[in-house]
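Dumped input34.cif below, it's mmCIF, C-alpha atoms:
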data_final
loop_
_atom_site.label_atom_id
_atom_site.label_comp_id
_atom_site.auth_asym_id
_atom_site.auth_seq_id
_atom_site.Cartn_x
_atom_site.Cartn_y
_atom_site.Cartn_z
CA MET A 1 -33.97 -49.89 -5.05
CA THR A 2 -33.82 -47.67 -1.99
CA GLU A 3 -30.93 -48.50 0.31
CA ARG A 4 -31.70 -47.71 3.95
CA THR A 5 -28.61 -49.15 5.64
CA ILE A 6 -25.06 -47.87 5.55
CA PRO A 7 -22.45 -50.48 4.55
CA ALA A 8 -20.47 -51.78 7.56
CA ALA A 9 -17.06 -50.64 6.21
CA VAL A 10 -18.30 -47.08 5.68
CA GLN A 11 -20.12 -46.97 9.00
CA SER A 12 -17.07 -48.18 10.96
CA GLY A 13 -14.89 -45.61 9.17
CA LEU A 14 -17.33 -42.82 9.98
CA GLU A 15 -17.62 -43.86 13.61
CA SER A 16 -13.85 -44.05 14.02
CA GLY A 17 -13.47 -40.48 12.77
CA SER A 18 -10.79 -41.51 10.29
CA TYR A 19 -12.85 -41.89 7.12
CA PRO A 20 -10.65 -40.32 4.41
CA GLU A 21 -13.42 -39.22 2.03
CA ALA A 22 -16.32 -36.82 2.29
CA LEU A 23 -19.90 -38.02 2.09
CA LEU A 24 -21.85 -36.20 -0.62
CA ALA A 25 -25.63 -35.88 -0.56
CA PHE A 26 -27.22 -35.58 -4.02
CA LEU A 27 -30.68 -34.02 -3.59
CA THR A 28 -33.34 -33.83 -6.31
CA ILE A 29 -36.41 -31.63 -5.80
CA GLU A 30 -39.24 -32.23 -8.27
CA HIS A 31 -42.52 -30.38 -8.64
CA LYS A 32 -45.14 -29.83 -11.33
CA SER A 33 -44.35 -26.10 -11.46
CA LEU A 34 -40.68 -26.75 -12.32
CA VAL A 35 -39.61 -27.30 -15.92
CA ASP A 36 -36.49 -29.12 -14.71
CA PRO A 37 -35.93 -30.56 -11.23
CA ILE A 38 -33.68 -28.69 -8.82
CA ARG A 39 -30.53 -30.78 -8.30
CA LEU A 40 -28.18 -29.95 -5.43
CA VAL A 41 -25.07 -31.61 -4.00
CA SER A 42 -23.81 -30.94 -0.46
CA ASP A 43 -20.46 -29.49 -1.53
CA VAL A 44 -19.12 -26.19 -2.82
CA PHE A 45 -18.34 -27.76 -6.22
CA ASP A 46 -20.72 -28.84 -8.97
CA TYR A 47 -20.91 -32.57 -9.80
CA VAL A 48 -22.17 -34.67 -12.69
CA TYR A 49 -23.90 -37.85 -11.54
CA GLY A 50 -26.19 -40.07 -13.59
CA GLY A 51 -25.86 -37.75 -16.57
CA GLU A 52 -27.27 -34.79 -14.61
CA THR A 53 -25.43 -31.75 -13.23
CA TYR A 54 -25.89 -31.08 -9.52
CA THR A 55 -25.23 -27.56 -8.24
CA GLY A 56 -22.88 -27.32 -5.28
CA LEU A 57 -24.71 -25.92 -2.25
CA MET A 58 -24.08 -26.86 1.36
CA PHE A 59 -27.22 -28.19 3.03
CA GLY A 60 -28.05 -30.21 6.11
CA TRP A 61 -29.94 -33.51 6.20
CA ARG A 62 -30.68 -36.37 8.54
CA LEU A 63 -31.12 -40.05 7.80
CA VAL A 64 -34.66 -41.34 7.52
CA THR A 65 -36.00 -42.76 10.77
CA ASP A 66 -36.62 -46.48 10.94
CA ASN A 67 -39.00 -47.17 13.80
CA GLU A 68 -42.69 -47.95 14.37
CA GLN A 69 -43.81 -44.59 13.02
CA ALA A 70 -43.86 -43.45 9.40
CA PRO A 71 -40.33 -42.81 8.06
CA GLU A 72 -39.22 -39.19 8.17
CA ALA A 73 -36.09 -37.06 7.99
CA ARG A 74 -35.10 -33.39 8.17
CA LEU A 75 -33.68 -31.05 5.52
CA VAL A 76 -32.21 -27.55 5.74
CA VAL A 77 -31.22 -25.78 2.50
CA ALA A 78 -29.72 -22.30 2.13
CA ASN A 79 -32.26 -20.03 0.43
CA VAL A 80 -29.93 -18.85 -2.35
CA ASP A 81 -32.11 -19.91 -5.28
CA ARG A 82 -35.52 -18.24 -5.54
CA ARG A 83 -36.97 -21.31 -7.23
CA ILE A 84 -36.68 -23.32 -4.00
CA GLY A 85 -38.71 -20.89 -1.90
CA ARG A 86 -41.19 -20.24 -4.74
CA VAL A 87 -41.94 -23.94 -5.28
CA ILE A 88 -42.54 -24.45 -1.58
CA ARG A 89 -44.41 -21.23 -0.83
CA ASP A 90 -46.61 -20.68 -3.90
CA THR A 91 -48.25 -24.07 -4.30
CA GLU A 92 -50.52 -26.35 -2.37
CA GLU A 93 -48.90 -29.52 -3.71
CA ARG A 94 -45.83 -30.79 -1.93
CA PRO A 95 -42.50 -31.08 -3.73
CA GLN A 96 -41.09 -34.60 -4.09
CA LEU A 97 -37.56 -35.29 -2.89
CA SER A 98 -34.99 -37.98 -3.46
CA LEU A 99 -31.55 -38.19 -1.89
CA VAL A 100 -28.52 -40.32 -2.72
CA ILE A 101 -25.38 -40.44 -0.55
CA LEU A 102 -22.06 -41.16 -2.29
CA THR A 103 -18.43 -40.64 -1.33
CA SER A 104 -16.06 -38.16 -2.91
CA ALA A 105 -13.73 -41.09 -3.71
CA ASP A 106 -16.00 -41.95 -6.66
CA PHE A 107 -15.39 -38.61 -8.42
CA ASP A 108 -12.53 -36.99 -10.34
CA LYS A 109 -11.65 -34.04 -8.09
CA SER A 110 -9.54 -32.37 -10.78
CA ALA A 111 -12.48 -31.90 -13.17
CA ASP A 112 -14.89 -28.96 -13.14
CA PRO A 113 -17.67 -29.97 -12.70
CA ARG A 114 -16.52 -33.08 -10.86
CA THR A 115 -17.44 -36.22 -12.75
CA ALA A 116 -17.96 -39.81 -11.66
CA ILE A 117 -15.16 -42.33 -12.08
CA GLY A 118 -17.01 -45.44 -13.22
CA THR A 119 -20.25 -46.18 -11.41
CA PRO A 120 -20.35 -44.77 -7.87
CA ASP A 121 -21.44 -47.08 -5.05
CA VAL A 122 -24.60 -45.80 -3.37
CA ILE A 123 -24.09 -45.66 0.39
CA TYR A 124 -27.61 -44.58 1.29
CA SER A 125 -30.68 -43.36 -0.59
CA PHE A 126 -34.36 -42.61 -0.39
CA ALA A 127 -36.90 -41.55 -3.01
CA TYR A 128 -40.52 -40.40 -3.39
CA PHE A 129 -40.57 -38.50 -0.10
CA GLU A 130 -42.46 -35.23 0.33
CA LEU A 131 -41.41 -32.00 2.02
CA VAL A 132 -43.85 -30.85 4.73
CA ASP A 133 -43.90 -28.46 7.72
CA VAL A 134 -41.81 -26.00 5.75
CA GLN A 135 -40.33 -22.90 7.31
CA ALA A 136 -38.64 -20.38 5.03
CA ASN A 137 -36.87 -17.11 5.61
CA VAL A 138 -34.25 -15.10 3.71
CA VAL A 139 -31.46 -17.35 5.01
CA GLU A 140 -32.77 -20.91 4.78
CA VAL A 141 -35.61 -23.22 3.90
CA SER A 142 -36.18 -26.14 6.26
CA GLY A 143 -38.74 -28.85 6.57
CA ARG A 144 -39.63 -32.36 7.51
CA ILE A 145 -39.33 -35.04 4.87
CA HIS A 146 -41.84 -37.84 5.03
CA ILE A 147 -43.39 -40.48 2.84
CA LEU A 148 -47.08 -40.30 2.05
CA ASP A 149 -49.09 -42.30 4.57
CA PRO A 150 -52.39 -43.23 2.89
CA THR A 151 -53.93 -44.19 6.24
CA GLY A 152 -53.97 -40.50 7.18
CA GLU A 153 -55.84 -39.43 4.03
CA PRO A 154 -59.61 -38.85 4.05
CA TRP A 155 -61.76 -41.60 2.59
CA PRO A 156 -63.01 -41.53 -0.05
CA PHE A 157 -60.17 -39.45 -1.44
CA VAL A 158 -62.32 -37.92 -4.18
CA ARG A 159 -65.66 -36.80 -2.85
CA ALA A 160 -68.71 -36.49 -5.11
CA THR A 161 -69.56 -32.83 -4.50
CA GLN A 162 -71.86 -30.64 -6.57
CA ALA A 163 -68.91 -28.51 -7.74
CA ARG A 164 -66.94 -31.54 -8.93
CA PHE A 165 -69.82 -33.62 -10.38
CA PRO A 166 -72.69 -31.24 -11.23
CA GLY A 167 -74.47 -33.90 -13.34
CA LEU A 168 -75.14 -36.00 -10.24
CA PHE A 169 -77.06 -33.16 -8.62
CA ALA A 170 -79.31 -32.17 -11.57
#
Starting from the file, give its structure as structure tokens.
Amino acid sequence: MTERTIPAAVQSGLESGSYPEALLAFLTIEHKSLVDPIRLVSDVFDYVYGGETYTGLMFGWRLVTDNEQAPEARLVVANVDRRIGRVIRDTEERPQLSLVILTSADFDKSADPRTAIGTPDVIYSFAYFELVDVQANVVEVSGRIHILDPTGEPWPFVRATQARFPGLFA
């Protein structure tokens, strides 16, 4: 399930400026060219969540929009891992992203890497989004995150061309 609303208690704490815990964004980048997905957490420490290790790397993100237009968000990641830029730059297919927001209260801060205490409560999440409009330089990789809108795709999606179906044109 993808949670698109922030629980009232967390939201009121954030708005009051007195929320005692940090919000952690767990980002997963998947692509056909990657053997294993890239897993990042918006902290300087590594974390284990859902049986997977997330590398600590500060990055910026925005919540997915919820209006009449297709949902979208923004992501800015430091370009410290060559795999990130390579996946985005060297392929025509878009990487798939998922993001889960948790609080640091759900993790043992004395462990290295930090591990979950019980089952963390998901504050916010989205999945199956794609990274588009990418801009990359030596410092950062940024882009717009959006969900595939099939109404914007050409129809029919697979065209019967001579190169694709030579037997039809014999």
Can you work out the spacing between CA of Val64 (chain A) and CA of Asp36 (chain A) in Å, to one decimal?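 Separation between CA of Val64 (chain A) and CA of Asp36 (chain A): 25.4 Å.
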For the point (-18.8, -43.7, -1.0) in file coordinates, what residues are within 9 Å, counting all atoms listed in the file? Give the answer as a PDB file with C-alpha atoms, in the frame of the given file?
ATOM      1  CA  VAL A  10     -18.300 -47.080   5.680  1.00  0.00           C
ATOM      2  CA  GLU A  21     -13.420 -39.220   2.030  1.00  0.00           C
ATOM      3  CA  ALA A  22     -16.320 -36.820   2.290  1.00  0.00           C
ATOM      4  CA  LEU A  23     -19.900 -38.020   2.090  1.00  0.00           C
ATOM      5  CA  LEU A  24     -21.850 -36.200  -0.620  1.00  0.00           C
ATOM      6  CA  ILE A 101     -25.380 -40.440  -0.550  1.00  0.00           C
ATOM      7  CA  LEU A 102     -22.060 -41.160  -2.290  1.00  0.00           C
ATOM      8  CA  THR A 103     -18.430 -40.640  -1.330  1.00  0.00           C
ATOM      9  CA  SER A 104     -16.060 -38.160  -2.910  1.00  0.00           C
ATOM     10  CA  ALA A 105     -13.730 -41.090  -3.710  1.00  0.00           C
ATOM     11  CA  ASP A 106     -16.000 -41.950  -6.660  1.00  0.00           C
ATOM     12  CA  PRO A 120     -20.350 -44.770  -7.870  1.00  0.00           C
ATOM     13  CA  ASP A 121     -21.440 -47.080  -5.050  1.00  0.00           C
ATOM     14  CA  VAL A 122     -24.600 -45.800  -3.370  1.00  0.00           C
ATOM     15  CA  ILE A 123     -24.090 -45.660   0.390  1.00  0.00           C
TER      16      ILE A 123
END
Write out as a PyMOL selection string the residues lying within 9 Å of region 97-100 of chain A, counting all atoms listed in the file and excluding same-chain residues fewer than 4 positions away. chain A and resi 24-30+122-131+145
Please measure the separation of CA of Thr53 (chain A) and CA of Phe107 (chain A), giving the value in Å to one decimal.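 CA of Phe107 (chain A) lies at a distance of 13.1 Å from CA of Thr53 (chain A).
Among A:Ala111, A:Ala78, A:Val134, A:Leu148, the residue with the shortest atom-to-atom distance to Phe45 (chain A), counting all atoms listed in the file, is A:Ala111.
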Give me the residues within 9 Å of Leu75 (chain A) as a list in words, counting all atoms listed in the file and dropping any in the same chain fewer than 4 places off.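 The neighbour list is Phe59, Gly60, Trp61, Arg62, Leu131, Val141, Ser142, Gly143, Arg144 and Ile145 of chain A.
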Dump of C-alpha atoms for the selected residues, as a PDB file, in the coordinates of the input:
ATOM      1  CA  PHE A  59     -27.220 -28.190   3.030  1.00  0.00           C
ATOM      2  CA  GLY A  60     -28.050 -30.210   6.110  1.00  0.00           C
ATOM      3  CA  TRP A  61     -29.940 -33.510   6.200  1.00  0.00           C
ATOM      4  CA  ARG A  62     -30.680 -36.370   8.540  1.00  0.00           C
ATOM      5  CA  LEU A 131     -41.410 -32.000   2.020  1.00  0.00           C
ATOM      6  CA  VAL A 141     -35.610 -23.220   3.900  1.00  0.00           C
ATOM      7  CA  SER A 142     -36.180 -26.140   6.260  1.00  0.00           C
ATOM      8  CA  GLY A 143     -38.740 -28.850   6.570  1.00  0.00           C
ATOM      9  CA  ARG A 144     -39.630 -32.360   7.510  1.00  0.00           C
ATOM     10  CA  ILE A 145     -39.330 -35.040   4.870  1.00  0.00           C
TER      11      ILE A 145
END
Result set, the PyMOL selection byres ((chain A and resi 54) around 10) on current file, as a tab-separated table (two decimals) with C-alpha atoms, in the coordinates of the input:
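Just written: out-v2.tsv:
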chain	number	residue	atom	x	y	z
A	26	PHE	CA	-27.22	-35.58	-4.02
A	27	LEU	CA	-30.68	-34.02	-3.59
A	28	THR	CA	-33.34	-33.83	-6.31
A	38	ILE	CA	-33.68	-28.69	-8.82
A	39	ARG	CA	-30.53	-30.78	-8.30
A	40	LEU	CA	-28.18	-29.95	-5.43
A	41	VAL	CA	-25.07	-31.61	-4.00
A	42	SER	CA	-23.81	-30.94	-0.46
A	43	ASP	CA	-20.46	-29.49	-1.53
A	45	PHE	CA	-18.34	-27.76	-6.22
A	46	ASP	CA	-20.72	-28.84	-8.97
A	47	TYR	CA	-20.91	-32.57	-9.80
A	48	VAL	CA	-22.17	-34.67	-12.69
A	49	TYR	CA	-23.90	-37.85	-11.54
A	50	GLY	CA	-26.19	-40.07	-13.59
A	51	GLY	CA	-25.86	-37.75	-16.57
A	52	GLU	CA	-27.27	-34.79	-14.61
A	53	THR	CA	-25.43	-31.75	-13.23
A	55	THR	CA	-25.23	-27.56	-8.24
A	56	GLY	CA	-22.88	-27.32	-5.28
A	57	LEU	CA	-24.71	-25.92	-2.25
A	113	PRO	CA	-17.67	-29.97	-12.70
A	114	ARG	CA	-16.52	-33.08	-10.86
Residue nearest Gln69 (chain A) - candidates A:Arg94, A:Arg164, A:Arg159, A:His146, atoms counted: all atoms listed in the file: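 With all atoms listed in the file as the atom set, the closest residue is A:His146.
Our summary of the geometry notes that CA of Gln96 (chain A) is positioned 21.5 Å from CA of Val158 (chain A).
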Selection in question (the file shown): the PyMOL selection byres ((chain A and resi 70) around 9). Which residues does it include, as a JSON list (two decimals) with C-alpha atoms, in the frame of the given file?
[["chain", "number", "residue", "atom", "x", "y", "z"],
["A", 65, "THR", "CA", -36.00, -42.76, 10.77],
["A", 66, "ASP", "CA", -36.62, -46.48, 10.94],
["A", 67, "ASN", "CA", -39.00, -47.17, 13.80],
["A", 68, "GLU", "CA", -42.69, -47.95, 14.37],
["A", 69, "GLN", "CA", -43.81, -44.59, 13.02],
["A", 71, "PRO", "CA", -40.33, -42.81, 8.06],
["A", 72, "GLU", "CA", -39.22, -39.19, 8.17],
["A", 146, "HIS", "CA", -41.84, -37.84, 5.03],
["A", 147, "ILE", "CA", -43.39, -40.48, 2.84],
["A", 148, "LEU", "CA", -47.08, -40.30, 2.05],
["A", 149, "ASP", "CA", -49.09, -42.30, 4.57]]
